[in-house]
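Peer 1: Structure file model-v2.cif (mmCIF, C-alpha atoms and all ligand atoms) is given on the next line.
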```
data_start
#
loop_
_atom_site.label_atom_id
_atom_site.label_comp_id
_atom_site.auth_asym_id
_atom_site.auth_seq_id
_atom_site.Cartn_x
_atom_site.Cartn_y
_atom_site.Cartn_z
CA MET A 1 11.63 -21.31 29.43
CA LEU A 2 10.04 -18.04 30.50
CA GLY A 3 8.04 -17.85 33.71
CA THR A 4 4.43 -16.74 33.61
CA ALA A 5 5.24 -13.19 34.75
CA SER A 6 7.95 -12.81 32.10
CA GLU A 7 5.67 -14.22 29.45
CA ALA A 8 2.98 -11.76 30.45
CA ARG A 9 5.50 -8.90 30.27
CA LEU A 10 6.62 -10.05 26.83
CA GLN A 11 3.00 -10.21 25.72
CA ASP A 12 2.42 -6.68 27.07
CA LEU A 13 5.37 -5.45 25.04
CA LYS A 14 3.89 -7.00 21.91
CA THR A 15 0.44 -5.53 22.45
CA GLN A 16 1.49 -2.15 23.77
CA PRO A 17 1.28 0.29 20.87
CA ARG A 18 4.71 1.10 19.54
CA LEU A 19 3.33 4.28 18.01
CA GLU A 20 0.18 6.09 18.96
CA ILE A 21 -0.96 9.38 17.55
CA ARG A 22 -3.94 11.11 19.08
CA ASN A 23 -6.07 13.74 17.39
CA LEU A 24 -3.32 15.33 15.30
CA VAL A 25 -4.30 18.57 13.61
CA ARG A 26 -2.25 20.76 11.26
CA HIS A 27 -3.22 23.89 9.34
CA TYR A 28 -1.47 25.67 6.50
CA GLU A 29 -2.49 29.20 5.67
CA GLY A 30 -5.72 28.89 7.59
CA ARG A 31 -6.66 25.62 5.87
CA VAL A 32 -6.82 22.36 7.82
CA VAL A 33 -4.69 19.71 6.04
CA VAL A 34 -4.53 17.11 8.83
CA ASP A 35 -7.83 16.95 10.63
CA ASP A 36 -8.04 15.03 13.90
CA VAL A 37 -6.00 12.00 12.82
CA SER A 38 -5.53 9.18 15.35
CA LEU A 39 -3.65 5.92 14.73
CA THR A 40 -2.17 3.06 16.73
CA ILE A 41 0.57 0.75 15.43
CA LEU A 42 1.85 -2.36 17.23
CA PRO A 43 5.41 -3.75 17.05
CA GLY A 44 5.91 -5.65 13.81
CA GLN A 45 2.76 -4.17 12.30
CA VAL A 46 2.66 -2.42 8.93
CA THR A 47 0.02 0.28 8.56
CA CYS A 48 -0.44 2.02 5.23
CA LEU A 49 -1.70 5.56 5.14
CA LEU A 50 -3.43 5.46 1.78
CA GLY A 51 -5.05 8.36 -0.01
CA PRO A 52 -4.99 10.66 -3.02
CA SER A 53 -2.34 13.28 -3.57
CA GLY A 54 -2.64 16.25 -1.22
CA CYS A 55 -4.82 14.55 1.40
CA GLY A 56 -2.29 15.16 4.20
CA LYS A 57 -0.36 11.86 4.36
CA SER A 58 3.16 13.31 4.21
CA THR A 59 2.29 16.08 6.63
CA THR A 60 1.13 13.45 9.13
CA LEU A 61 4.40 11.56 8.67
CA ARG A 62 6.50 14.70 9.10
CA MET A 63 4.80 15.50 12.39
CA ILE A 64 5.46 12.00 13.70
CA ALA A 65 9.10 12.26 12.60
CA GLY A 66 9.32 15.55 14.51
CA VAL A 67 10.42 17.69 11.58
CA GLU A 68 7.16 19.59 11.71
CA MET A 69 4.97 20.61 14.67
CA GLN A 70 1.30 19.83 14.97
CA ASP A 71 -1.15 22.56 15.96
CA SER A 72 -2.74 20.15 18.42
CA GLY A 73 -2.71 16.46 19.28
CA GLU A 74 -0.21 14.07 20.83
CA ILE A 75 2.40 11.56 19.66
CA TRP A 76 3.34 8.63 21.91
CA VAL A 77 6.12 6.06 21.40
CA ASP A 78 6.15 2.91 23.54
CA GLY A 79 3.69 4.46 25.97
CA LYS A 80 5.75 7.66 26.43
CA LEU A 81 4.67 11.08 25.25
CA VAL A 82 7.16 12.40 22.68
CA CYS A 83 5.26 15.45 21.49
CA ASP A 84 2.29 17.61 22.30
CA THR A 85 1.81 21.34 22.07
CA HIS A 86 3.96 21.98 25.19
CA TYR A 87 6.59 19.26 25.03
CA ARG A 88 8.75 17.99 22.19
CA VAL A 89 11.39 15.26 22.00
CA PRO A 90 13.76 16.17 19.13
CA PRO A 91 13.55 14.00 15.98
CA GLU A 92 16.86 12.22 16.55
CA ARG A 93 15.77 11.01 20.00
CA ARG A 94 12.43 9.50 18.98
CA GLY A 95 13.80 6.13 17.83
CA ILE A 96 12.22 6.66 14.44
CA GLY A 97 13.76 5.68 11.10
CA LEU A 98 12.86 7.42 7.86
CA MET A 99 12.79 6.20 4.30
CA PHE A 100 11.63 8.42 1.49
CA GLN A 101 11.33 8.08 -2.27
CA ASP A 102 14.20 10.49 -2.87
CA PHE A 103 16.50 8.74 -0.39
CA ALA A 104 20.00 10.07 -0.82
CA LEU A 105 22.99 7.85 -0.20
CA PHE A 106 26.25 9.68 0.44
CA PRO A 107 28.09 9.32 -2.90
CA HIS A 108 31.56 9.67 -1.40
CA LEU A 109 31.00 6.97 1.24
CA SER A 110 31.24 3.23 0.61
CA VAL A 111 28.16 1.05 0.98
CA ALA A 112 29.44 -0.07 4.41
CA ASP A 113 29.99 3.51 5.57
CA ASN A 114 26.59 4.57 4.29
CA VAL A 115 24.90 1.83 6.30
CA ALA A 116 27.05 2.53 9.38
CA PHE A 117 26.34 6.27 9.21
CA GLY A 118 23.68 6.38 11.90
CA LEU A 119 25.39 3.94 14.27
CA ARG A 120 26.67 6.19 17.01
CA GLY A 121 28.35 4.91 20.12
CA ALA A 122 29.01 1.39 18.81
CA SER A 123 32.52 -0.06 18.61
CA ARG A 124 34.15 -0.67 15.20
CA GLU A 125 33.53 -4.40 15.54
CA GLU A 126 29.90 -3.94 16.53
CA LYS A 127 29.33 -1.57 13.63
CA ARG A 128 30.96 -3.95 11.16
CA ALA A 129 28.88 -6.88 12.44
CA ARG A 130 25.63 -4.92 12.20
CA VAL A 131 26.46 -3.62 8.70
CA GLU A 132 27.38 -7.11 7.48
CA SER A 133 24.27 -8.70 8.90
CA LEU A 134 21.98 -6.08 7.33
CA LEU A 135 23.72 -6.19 3.96
CA GLU A 136 23.43 -9.94 3.99
CA ARG A 137 19.74 -9.60 4.79
CA VAL A 138 19.17 -7.32 1.78
CA ASP A 139 21.41 -9.53 -0.34
CA LEU A 140 24.14 -6.94 -0.94
CA LEU A 141 27.03 -8.24 1.11
CA ARG A 142 29.13 -8.63 -2.03
CA HIS A 143 28.89 -4.83 -2.54
CA ILE A 144 29.98 -3.92 0.98
CA ASP A 145 33.09 -2.07 -0.24
CA GLY A 146 31.45 -0.68 -3.37
CA TYR A 147 30.12 2.86 -3.89
CA PRO A 148 26.55 4.02 -4.59
CA HIS A 149 27.21 4.92 -8.25
CA GLU A 150 28.23 1.29 -8.90
CA LEU A 151 24.78 0.05 -7.86
CA SER A 152 21.44 -0.14 -9.68
CA GLY A 153 18.47 1.91 -8.46
CA GLY A 154 16.99 -1.12 -6.72
CA GLU A 155 20.27 -1.96 -5.04
CA GLN A 156 20.65 1.62 -3.84
CA GLN A 157 17.13 1.41 -2.43
CA ARG A 158 18.11 -1.69 -0.46
CA VAL A 159 21.22 0.07 0.89
CA ALA A 160 18.96 2.92 1.99
CA LEU A 161 16.74 0.40 3.76
CA ALA A 162 19.75 -1.17 5.49
CA ARG A 163 20.95 2.31 6.51
CA ALA A 164 17.54 3.24 7.92
CA LEU A 165 17.37 -0.03 9.86
CA ALA A 166 20.94 0.00 11.19
CA PRO A 167 20.22 1.90 14.43
CA ARG A 168 17.32 -0.52 15.13
CA PRO A 169 14.57 2.10 14.96
CA ARG A 170 11.48 1.18 16.94
CA ILE A 171 9.38 2.77 14.21
CA MET A 172 9.96 3.19 10.49
CA LEU A 173 8.21 5.92 8.55
CA MET A 174 8.21 5.37 4.79
CA ASP A 175 6.93 7.91 2.28
CA GLU A 176 6.31 6.38 -1.16
CA PRO A 177 9.66 4.55 -0.80
CA PHE A 178 9.21 2.36 -3.86
CA SER A 179 7.74 4.78 -6.37
CA GLY A 180 11.07 5.56 -8.01
CA LEU A 181 11.60 1.90 -8.96
CA ASP A 182 10.48 0.26 -12.15
CA ASN A 183 7.67 -2.27 -11.93
CA ARG A 184 9.83 -5.34 -12.37
CA LEU A 185 12.04 -4.46 -9.41
CA ARG A 186 9.34 -3.07 -7.20
CA ASP A 187 7.53 -6.23 -6.16
CA GLY A 188 10.73 -8.02 -5.16
CA ILE A 189 12.06 -5.08 -3.17
CA ARG A 190 8.74 -4.53 -1.42
CA ASP A 191 8.64 -8.16 -0.31
CA GLU A 192 12.27 -8.08 0.77
CA THR A 193 11.72 -4.86 2.73
CA LEU A 194 8.66 -6.26 4.41
CA GLY A 195 10.60 -9.37 5.44
CA VAL A 196 13.39 -7.34 7.04
CA LEU A 197 11.00 -5.02 8.88
CA LYS A 198 8.98 -7.93 10.24
CA ASP A 199 12.12 -9.75 11.38
CA GLU A 200 13.20 -6.63 13.29
CA ASP A 201 9.72 -6.25 14.82
CA THR A 202 9.62 -2.64 13.62
CA ALA A 203 6.32 -0.75 13.61
CA VAL A 204 5.89 0.69 10.13
CA LEU A 205 3.81 3.56 8.84
CA LEU A 206 3.98 3.59 5.06
CA VAL A 207 2.49 6.38 2.99
CA THR A 208 1.25 5.56 -0.47
CA HIS A 209 -1.35 6.71 -2.98
CA GLU A 210 -1.40 3.29 -4.67
CA PRO A 211 -4.10 0.88 -3.47
CA ASP A 212 -2.17 -2.10 -4.89
CA GLU A 213 0.87 -1.22 -2.83
CA ALA A 214 -1.22 -0.85 0.32
CA MET A 215 -3.00 -4.16 -0.28
CA ARG A 216 0.33 -5.86 -0.81
CA MET A 217 2.18 -4.40 2.17
CA ALA A 218 -0.32 -3.55 4.88
CA ASP A 219 -1.58 -5.38 7.93
CA GLU A 220 -3.85 -2.36 8.28
CA ILE A 221 -4.93 0.29 5.85
CA ALA A 222 -5.90 3.77 7.03
CA LEU A 223 -7.77 5.37 4.16
CA MET A 224 -7.29 9.14 4.20
CA ARG A 225 -9.24 11.83 2.40
CA ALA A 226 -9.11 15.62 2.79
CA GLY A 227 -7.08 15.42 6.00
CA LYS A 228 -9.21 12.79 7.72
CA ILE A 229 -8.94 9.03 8.14
CA VAL A 230 -12.27 7.88 6.70
CA GLN A 231 -11.79 4.16 7.20
CA GLN A 232 -9.29 1.90 8.93
CA GLY A 233 -8.94 -1.86 9.04
CA ALA A 234 -7.42 -4.98 7.48
CA PRO A 235 -7.08 -4.73 3.69
CA TYR A 236 -9.83 -7.35 3.20
CA ASN A 237 -12.30 -5.34 5.26
CA VAL A 238 -11.47 -1.99 3.75
CA TYR A 239 -11.89 -3.46 0.26
CA ASN A 240 -15.00 -5.51 0.96
CA ARG A 241 -16.78 -3.29 3.47
CA PRO A 242 -16.15 0.20 2.11
CA VAL A 243 -17.62 3.11 4.08
CA ASP A 244 -18.82 5.06 1.08
CA ARG A 245 -18.89 5.27 -2.69
CA ALA A 246 -15.55 7.09 -2.88
CA ALA A 247 -13.91 4.32 -0.85
CA VAL A 248 -15.08 1.77 -3.44
CA SER A 249 -13.84 3.91 -6.34
CA PHE A 250 -10.46 4.47 -4.73
CA PHE A 251 -9.63 0.77 -5.09
CA SER A 252 -11.17 -0.02 -8.46
CA ASP A 253 -13.58 1.05 -11.17
CA ALA A 254 -17.12 1.14 -9.84
CA ASN A 255 -20.54 0.96 -11.47
CA VAL A 256 -23.25 3.06 -9.87
CA LEU A 257 -27.05 2.80 -10.16
CA GLN A 258 -29.19 5.48 -8.61
CA ALA A 259 -32.63 4.73 -7.19
CA GLU A 260 -35.22 6.05 -4.79
CA VAL A 261 -36.06 4.06 -1.68
CA THR A 262 -39.61 2.96 -0.87
CA GLY A 263 -40.32 0.59 2.00
CA ALA A 264 -36.57 -0.04 2.56
CA LEU A 265 -36.21 -1.23 -1.04
CA ALA A 266 -34.55 0.45 -4.01
CA GLU A 267 -36.15 -0.49 -7.33
CA THR A 268 -33.85 -0.66 -10.39
CA ALA A 269 -33.73 -2.26 -13.83
CA PHE A 270 -31.74 -5.06 -12.09
CA GLY A 271 -34.61 -5.62 -9.65
CA GLN A 272 -34.89 -4.60 -6.03
CA PHE A 273 -32.03 -3.92 -3.63
CA LEU A 274 -32.37 -3.90 0.14
CA ALA A 275 -31.85 -0.49 1.75
CA PRO A 276 -32.45 -1.21 5.43
CA GLY A 277 -32.97 1.82 7.65
CA VAL A 278 -33.13 4.24 4.72
CA ALA A 279 -36.13 6.58 4.79
CA ASP A 280 -38.72 6.56 2.02
CA GLY A 281 -37.95 9.04 -0.75
CA THR A 282 -34.17 8.98 -0.13
CA MET A 283 -32.00 8.58 -3.22
CA VAL A 284 -29.31 5.90 -2.92
CA ASP A 285 -26.25 4.88 -4.93
CA ILE A 286 -25.99 1.16 -5.55
CA VAL A 287 -22.31 0.56 -6.18
CA PHE A 288 -20.63 -2.59 -7.52
CA ARG A 289 -17.28 -3.45 -9.06
CA PRO A 290 -16.88 -4.58 -12.70
CA GLN A 291 -15.56 -7.99 -11.63
CA HIS A 292 -18.86 -8.72 -9.90
CA VAL A 293 -21.14 -8.10 -12.88
CA ARG A 294 -22.39 -11.43 -14.18
CA ILE A 295 -22.94 -12.00 -17.85
CA ASP A 296 -25.73 -14.47 -18.58
CA PHE A 297 -24.00 -16.38 -21.35
CA ASP A 298 -26.91 -18.83 -21.91
CA ARG A 299 -29.48 -16.17 -22.53
CA GLY A 300 -28.45 -14.72 -25.89
CA GLY A 301 -31.05 -12.18 -27.03
CA ASN A 302 -33.98 -13.56 -24.98
CA GLY A 303 -35.87 -11.75 -22.27
CA PRO A 304 -35.03 -11.28 -18.59
CA ARG A 305 -35.34 -13.95 -15.96
CA PRO A 306 -35.59 -13.17 -12.25
CA THR A 307 -33.32 -15.10 -9.89
CA GLU A 308 -33.16 -15.29 -6.09
CA THR A 309 -29.69 -13.93 -5.51
CA ASP A 310 -29.03 -11.86 -8.59
CA GLY A 311 -32.37 -10.05 -9.04
CA VAL A 312 -33.40 -9.40 -12.61
CA ALA A 313 -31.21 -9.51 -15.71
CA ALA A 314 -30.92 -6.23 -17.63
CA ARG A 315 -30.15 -5.94 -21.32
CA GLY A 316 -27.02 -4.20 -22.58
CA VAL A 317 -25.28 -3.75 -25.90
CA VAL A 318 -21.52 -4.19 -26.13
CA LYS A 319 -19.81 -0.84 -26.75
CA ARG A 320 -16.27 -2.14 -26.76
CA SER A 321 -14.12 -4.87 -25.24
CA ARG A 322 -10.44 -4.90 -24.38
CA PHE A 323 -8.00 -7.60 -23.35
CA MET A 324 -6.19 -6.54 -20.17
CA GLY A 325 -3.81 -9.48 -19.60
CA HIS A 326 -5.39 -11.72 -16.99
CA GLU A 327 -8.93 -10.48 -17.72
CA SER A 328 -11.05 -8.74 -20.34
CA LEU A 329 -12.94 -5.50 -19.79
CA VAL A 330 -16.27 -5.18 -21.58
CA GLU A 331 -18.28 -1.96 -21.65
CA PHE A 332 -22.03 -2.13 -22.23
CA VAL A 333 -24.54 0.58 -23.06
CA MET A 334 -27.55 -0.34 -20.94
CA ASP A 335 -31.01 -0.31 -22.51
CA PHE A 336 -32.75 1.04 -19.43
CA ASP A 337 -31.04 4.46 -19.33
CA GLY A 338 -28.23 4.54 -21.89
CA SER A 339 -25.56 4.52 -19.16
CA VAL A 340 -22.27 2.66 -19.61
CA LEU A 341 -21.67 -0.33 -17.35
CA LYS A 342 -18.29 -2.04 -17.04
CA ALA A 343 -17.79 -5.76 -16.56
CA THR A 344 -14.57 -7.72 -16.28
CA VAL A 345 -14.37 -11.35 -17.26
CA PRO A 346 -11.42 -13.67 -16.52
CA ASN A 347 -9.15 -14.55 -19.43
CA VAL A 348 -10.11 -13.73 -23.00
CA PHE A 349 -13.66 -12.62 -23.69
CA LEU A 350 -13.96 -10.08 -26.49
CA PRO A 351 -17.54 -9.82 -27.80
CA LYS A 352 -18.00 -7.59 -30.84
CA PRO A 353 -19.54 -4.11 -30.47
CA GLY A 354 -23.31 -4.27 -31.01
CA LYS A 355 -23.74 -7.72 -29.46
CA VAL A 356 -26.72 -7.92 -27.09
CA MET A 357 -26.12 -9.52 -23.69
CA TRP A 358 -28.01 -9.88 -20.40
CA LEU A 359 -26.34 -8.86 -17.16
CA THR A 360 -27.07 -9.47 -13.49
CA VAL A 361 -25.67 -8.02 -10.28
CA PRO A 362 -25.17 -10.38 -7.30
CA ARG A 363 -26.71 -8.75 -4.24
CA ASP A 364 -23.93 -9.82 -1.87
CA ARG A 365 -21.42 -7.85 -3.95
CA CYS A 366 -23.28 -4.54 -3.93
CA PHE A 367 -22.99 -1.59 -1.59
CA VAL A 368 -25.92 0.74 -0.99
CA PHE A 369 -25.06 4.26 0.17
CA PRO A 370 -27.01 7.51 0.44
CA ALA A 371 -26.57 9.19 -2.96
CA ALA A 372 -23.43 11.30 -3.28
CA ALA A 373 -24.17 15.01 -3.63
P1 LIG A 401 1.27 13.63 -1.95
O1 LIG A 401 0.88 12.19 -2.06
O2 LIG A 401 1.05 14.42 -3.20
O3 LIG A 401 2.62 13.86 -1.33
P2 LIG A 401 0.02 14.11 0.62
O4 LIG A 401 -1.24 13.38 0.88
O5 LIG A 401 1.26 13.58 1.23
O6 LIG A 401 0.20 14.31 -0.92
P3 LIG A 401 0.70 16.57 1.95
O7 LIG A 401 2.06 16.68 1.32
O8 LIG A 401 0.64 16.19 3.37
O9 LIG A 401 -0.24 15.60 1.11
O10 LIG A 401 -0.04 17.96 1.76
C1 LIG A 401 -1.35 18.20 2.24
C2 LIG A 401 -1.79 19.58 1.84
O11 LIG A 401 -1.02 20.56 2.53
C3 LIG A 401 -1.61 19.88 0.36
O12 LIG A 401 -2.70 20.63 -0.09
C4 LIG A 401 -0.34 20.70 0.32
O13 LIG A 401 -0.37 21.60 -0.76
C5 LIG A 401 -0.38 21.43 1.63
N1 LIG A 401 0.96 21.71 2.16
C6 LIG A 401 1.89 20.81 2.46
N2 LIG A 401 3.00 21.40 2.95
C7 LIG A 401 2.75 22.73 2.95
C8 LIG A 401 3.50 23.89 3.35
N3 LIG A 401 4.72 23.79 3.86
N4 LIG A 401 2.90 25.09 3.20
C9 LIG A 401 1.65 25.23 2.71
N5 LIG A 401 0.89 24.15 2.33
C10 LIG A 401 1.43 22.93 2.44
#
```
As structure tokens - that is how I would like this structure written.
Ligand code: ATP

Peer 2:
Amino acid sequence: MLGTASEARLQDLKTQPRLEIRNLVRHYEGRVVVDDVSLTILPGQVTCLLGPSGCGKSTTLRMIAGVEMQDSGEIWVDGKLVCDTHYRVPPERRGIGLMFQDFALFPHLSVADNVAFGLRGASREEKRARVESLLERVDLLRHIDGYPHELSGGEQQRVALARALAPRPRIMLMDEPFSGLDNRLRDGIRDETLGVLKDEDTAVLLVTHEPDEAMRMADEIALMRAGKIVQQGAPYNVYNRPVDRAAVSFFSDANVLQAEVTGALAETAFGQFLAPGVADGTMVDIVFRPQHVRIDFDRGGNGPRPTETDGVAARGVVKRSRFMGHESLVEFVMDFDGSVLKATVPNVFLPKPGKVMWLTVPRDRCFVFPAAA
């Protein structure tokens, strides 16, 4: 059993950031593409850098890897500076593993030799033991003497993972590592990869433009837009407490009502919405996801009925409905302004175009933001 001091030291190691980047900035051709990005990742933690194409995710990753220099800012690994504008530890001495979408296995080397490639300084026996244990972990031990061309895309991906993990990197940087795989394989390989990385206590920074992937993989999501991290937190919080309208839309379809605020209230055809702290005369966007629209099935064609939590029902006419697999998507043209509002309903619900229905919007599922320009 560990003594108190040792336990405390162990705890420190767990809570000391494995990777810390401070105020990274990078310009290309006079344009800022990474704009004051800071991040902290603990051992065993998976952080997803999530954002649209071109927002600066890969550039951030390349600077951390050391293959590209920042214009300003610092990179720290295990509490030690590895790079600032005056000092630079070369990429191969940063203890960082890399895994990219276009991973390339060496075609002329066996699976075992591919995995052993980065294991310098170890004895033959040590190398063999490490390679076997990793291949077992990614369920490919039977292919240890095979060659890359004999493997499927998913199997090759798992060899690449084993190869990246072989030198026991303290940090793993992954850039869209699963996007080359077909959907059926992807989920299994993601889960497998996550399991191996967690077992090794590796700190992971994974770049993706797919919200589903980030929600599935991340302990923390850092939402990036135009070079900046606009929101950071656990997937639940980023999804349910978005910072702005664009953050809602990045994860799902969003309905938007616009209204002017008077007396901290925004008046709409769905009734009033609270807009605390918003000055009179300010326009706001009231944003809500299709899955949170409620259809008042009992109402039929009758008039609106105010409720405590859902405000007032508004009348819409079905434009079209589509079955999406586990839910149905219904689009309504709303009477009050002719706008289209989307609602999703679990299972099969396919009302005919022209059908009149009454809709409500639960207040606890709405976000009120100053109107987007
Ligand atoms: P994607 O998901 O498409 O890879 P990203 O978020 O990773 O996008 P980056 O690859 O980091 O974005 O690129 C950020 C911006 O910097 C883009 O506008 C890109 O065109 C630009 N950029 C990247 N590398 C260079 C370069 N070497 N020279 C000039 N501009 C570059």

Peer 1: For range 25-35 of chain A, work out the shell of residues within 12 Å, counting all atoms listed in the file and skipping chain neighbours fewer than 5 positions away, then give it as JSON, numbers by chain.

Peer 2: {"A": [53, 54, 55, 56, 57, 58, 59, 60, 61, 62, 63, 64, 68, 69, 70, 71, 72, 73, 74, 75, 84, 85, 224, 225, 226, 227, 228, 229, 230]}

Peer 1: Please produce a file of those selected residues containing C-alpha atoms, as a CSV table (one decimal), in the frame of the given file.

Peer 2:
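Output saved as result08.csv:
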```csv
chain,number,residue,atom,x,y,z
A,53,SER,CA,-2.3,13.3,-3.6
A,54,GLY,CA,-2.6,16.2,-1.2
A,55,CYS,CA,-4.8,14.6,1.4
A,56,GLY,CA,-2.3,15.2,4.2
A,57,LYS,CA,-0.4,11.9,4.4
A,58,SER,CA,3.2,13.3,4.2
A,59,THR,CA,2.3,16.1,6.6
A,60,THR,CA,1.1,13.4,9.1
A,61,LEU,CA,4.4,11.6,8.7
A,62,ARG,CA,6.5,14.7,9.1
A,63,MET,CA,4.8,15.5,12.4
A,64,ILE,CA,5.5,12.0,13.7
A,68,GLU,CA,7.2,19.6,11.7
A,69,MET,CA,5.0,20.6,14.7
A,70,GLN,CA,1.3,19.8,15.0
A,71,ASP,CA,-1.2,22.6,16.0
A,72,SER,CA,-2.7,20.2,18.4
A,73,GLY,CA,-2.7,16.5,19.3
A,74,GLU,CA,-0.2,14.1,20.8
A,75,ILE,CA,2.4,11.6,19.7
A,84,ASP,CA,2.3,17.6,22.3
A,85,THR,CA,1.8,21.3,22.1
A,224,MET,CA,-7.3,9.1,4.2
A,225,ARG,CA,-9.2,11.8,2.4
A,226,ALA,CA,-9.1,15.6,2.8
A,227,GLY,CA,-7.1,15.4,6.0
A,228,LYS,CA,-9.2,12.8,7.7
A,229,ILE,CA,-8.9,9.0,8.1
A,230,VAL,CA,-12.3,7.9,6.7
```

Peer 1: Report, in Å to a single decimal, how far apart CA of Asp199 in chain A and atom O3 of ligand LIG 401 (chain A) are.

Peer 2: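 Computing the Euclidean distance for atom O3 of ligand LIG 401 (chain A) and CA of Asp199 in chain A yields 28.4 Å.
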
Peer 1: Near Met172 in chain A, counting all atoms listed in the file, which residues have an atom at most 9 Å away, once you skip same-chain residues fewer than 6 positions from it, shown as an NGL selection string?

Peer 2: :A and (95-99 or 164-165 or 197 or 202-206)

Peer 1: Kindly indicate which residue among A:Pro17, A:Gly44, A:Gly311, A:Gly271 lies nearest to Asp219 in chain A, using all atoms listed in the file for the distances.

Peer 2: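 So, comparing all the options, the nearest one is A:Gly44.
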
Peer 1: Using only C-alpha atoms, which residues sit within 6 Å of range 177-194 of chain A once same-chain residues fewer than 3 positions away are excluded, as number ranges by chain?

Peer 2: A: 100-101, 174, 197

Peer 1: Under the rule that only C-alpha atoms and all ligand atoms are counted, which of A:Ile171, A:Glu210, A:Leu151, A:Arg363 is the nearest residue to ligand LIG 401 (chain A)?

Peer 2: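 Comparing A:Ile171, A:Glu210, A:Leu151, A:Arg363 against ligand LIG 401 (chain A), the winner is A:Glu210.
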
Peer 1: With distances taken over all atoms listed in the file, which of A:Arg93, A:Val67, A:Leu109, A:His209 is nearest to ligand LIG 401 (chain A)?

Peer 2: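 Once distances to ligand LIG 401 (chain A) are computed over all atoms listed in the file, the minimum belongs to A:His209.
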
Peer 1: Counting all atoms listed in the file, what is within 9 Å of Arg88 in chain A, bar same-chain residues fewer than 5 positions away, as a compact mmCIF listing (two decimals) with C-alpha atoms, in the frame of the given file?

Peer 2:
```
# COMPACT_ATOMS: atom_id res chain seq x y z
CA GLY A 66 9.32 15.55 14.51
CA MET A 69 4.97 20.61 14.67
CA LEU A 81 4.67 11.08 25.25
CA VAL A 82 7.16 12.40 22.68
CA CYS A 83 5.26 15.45 21.49
```
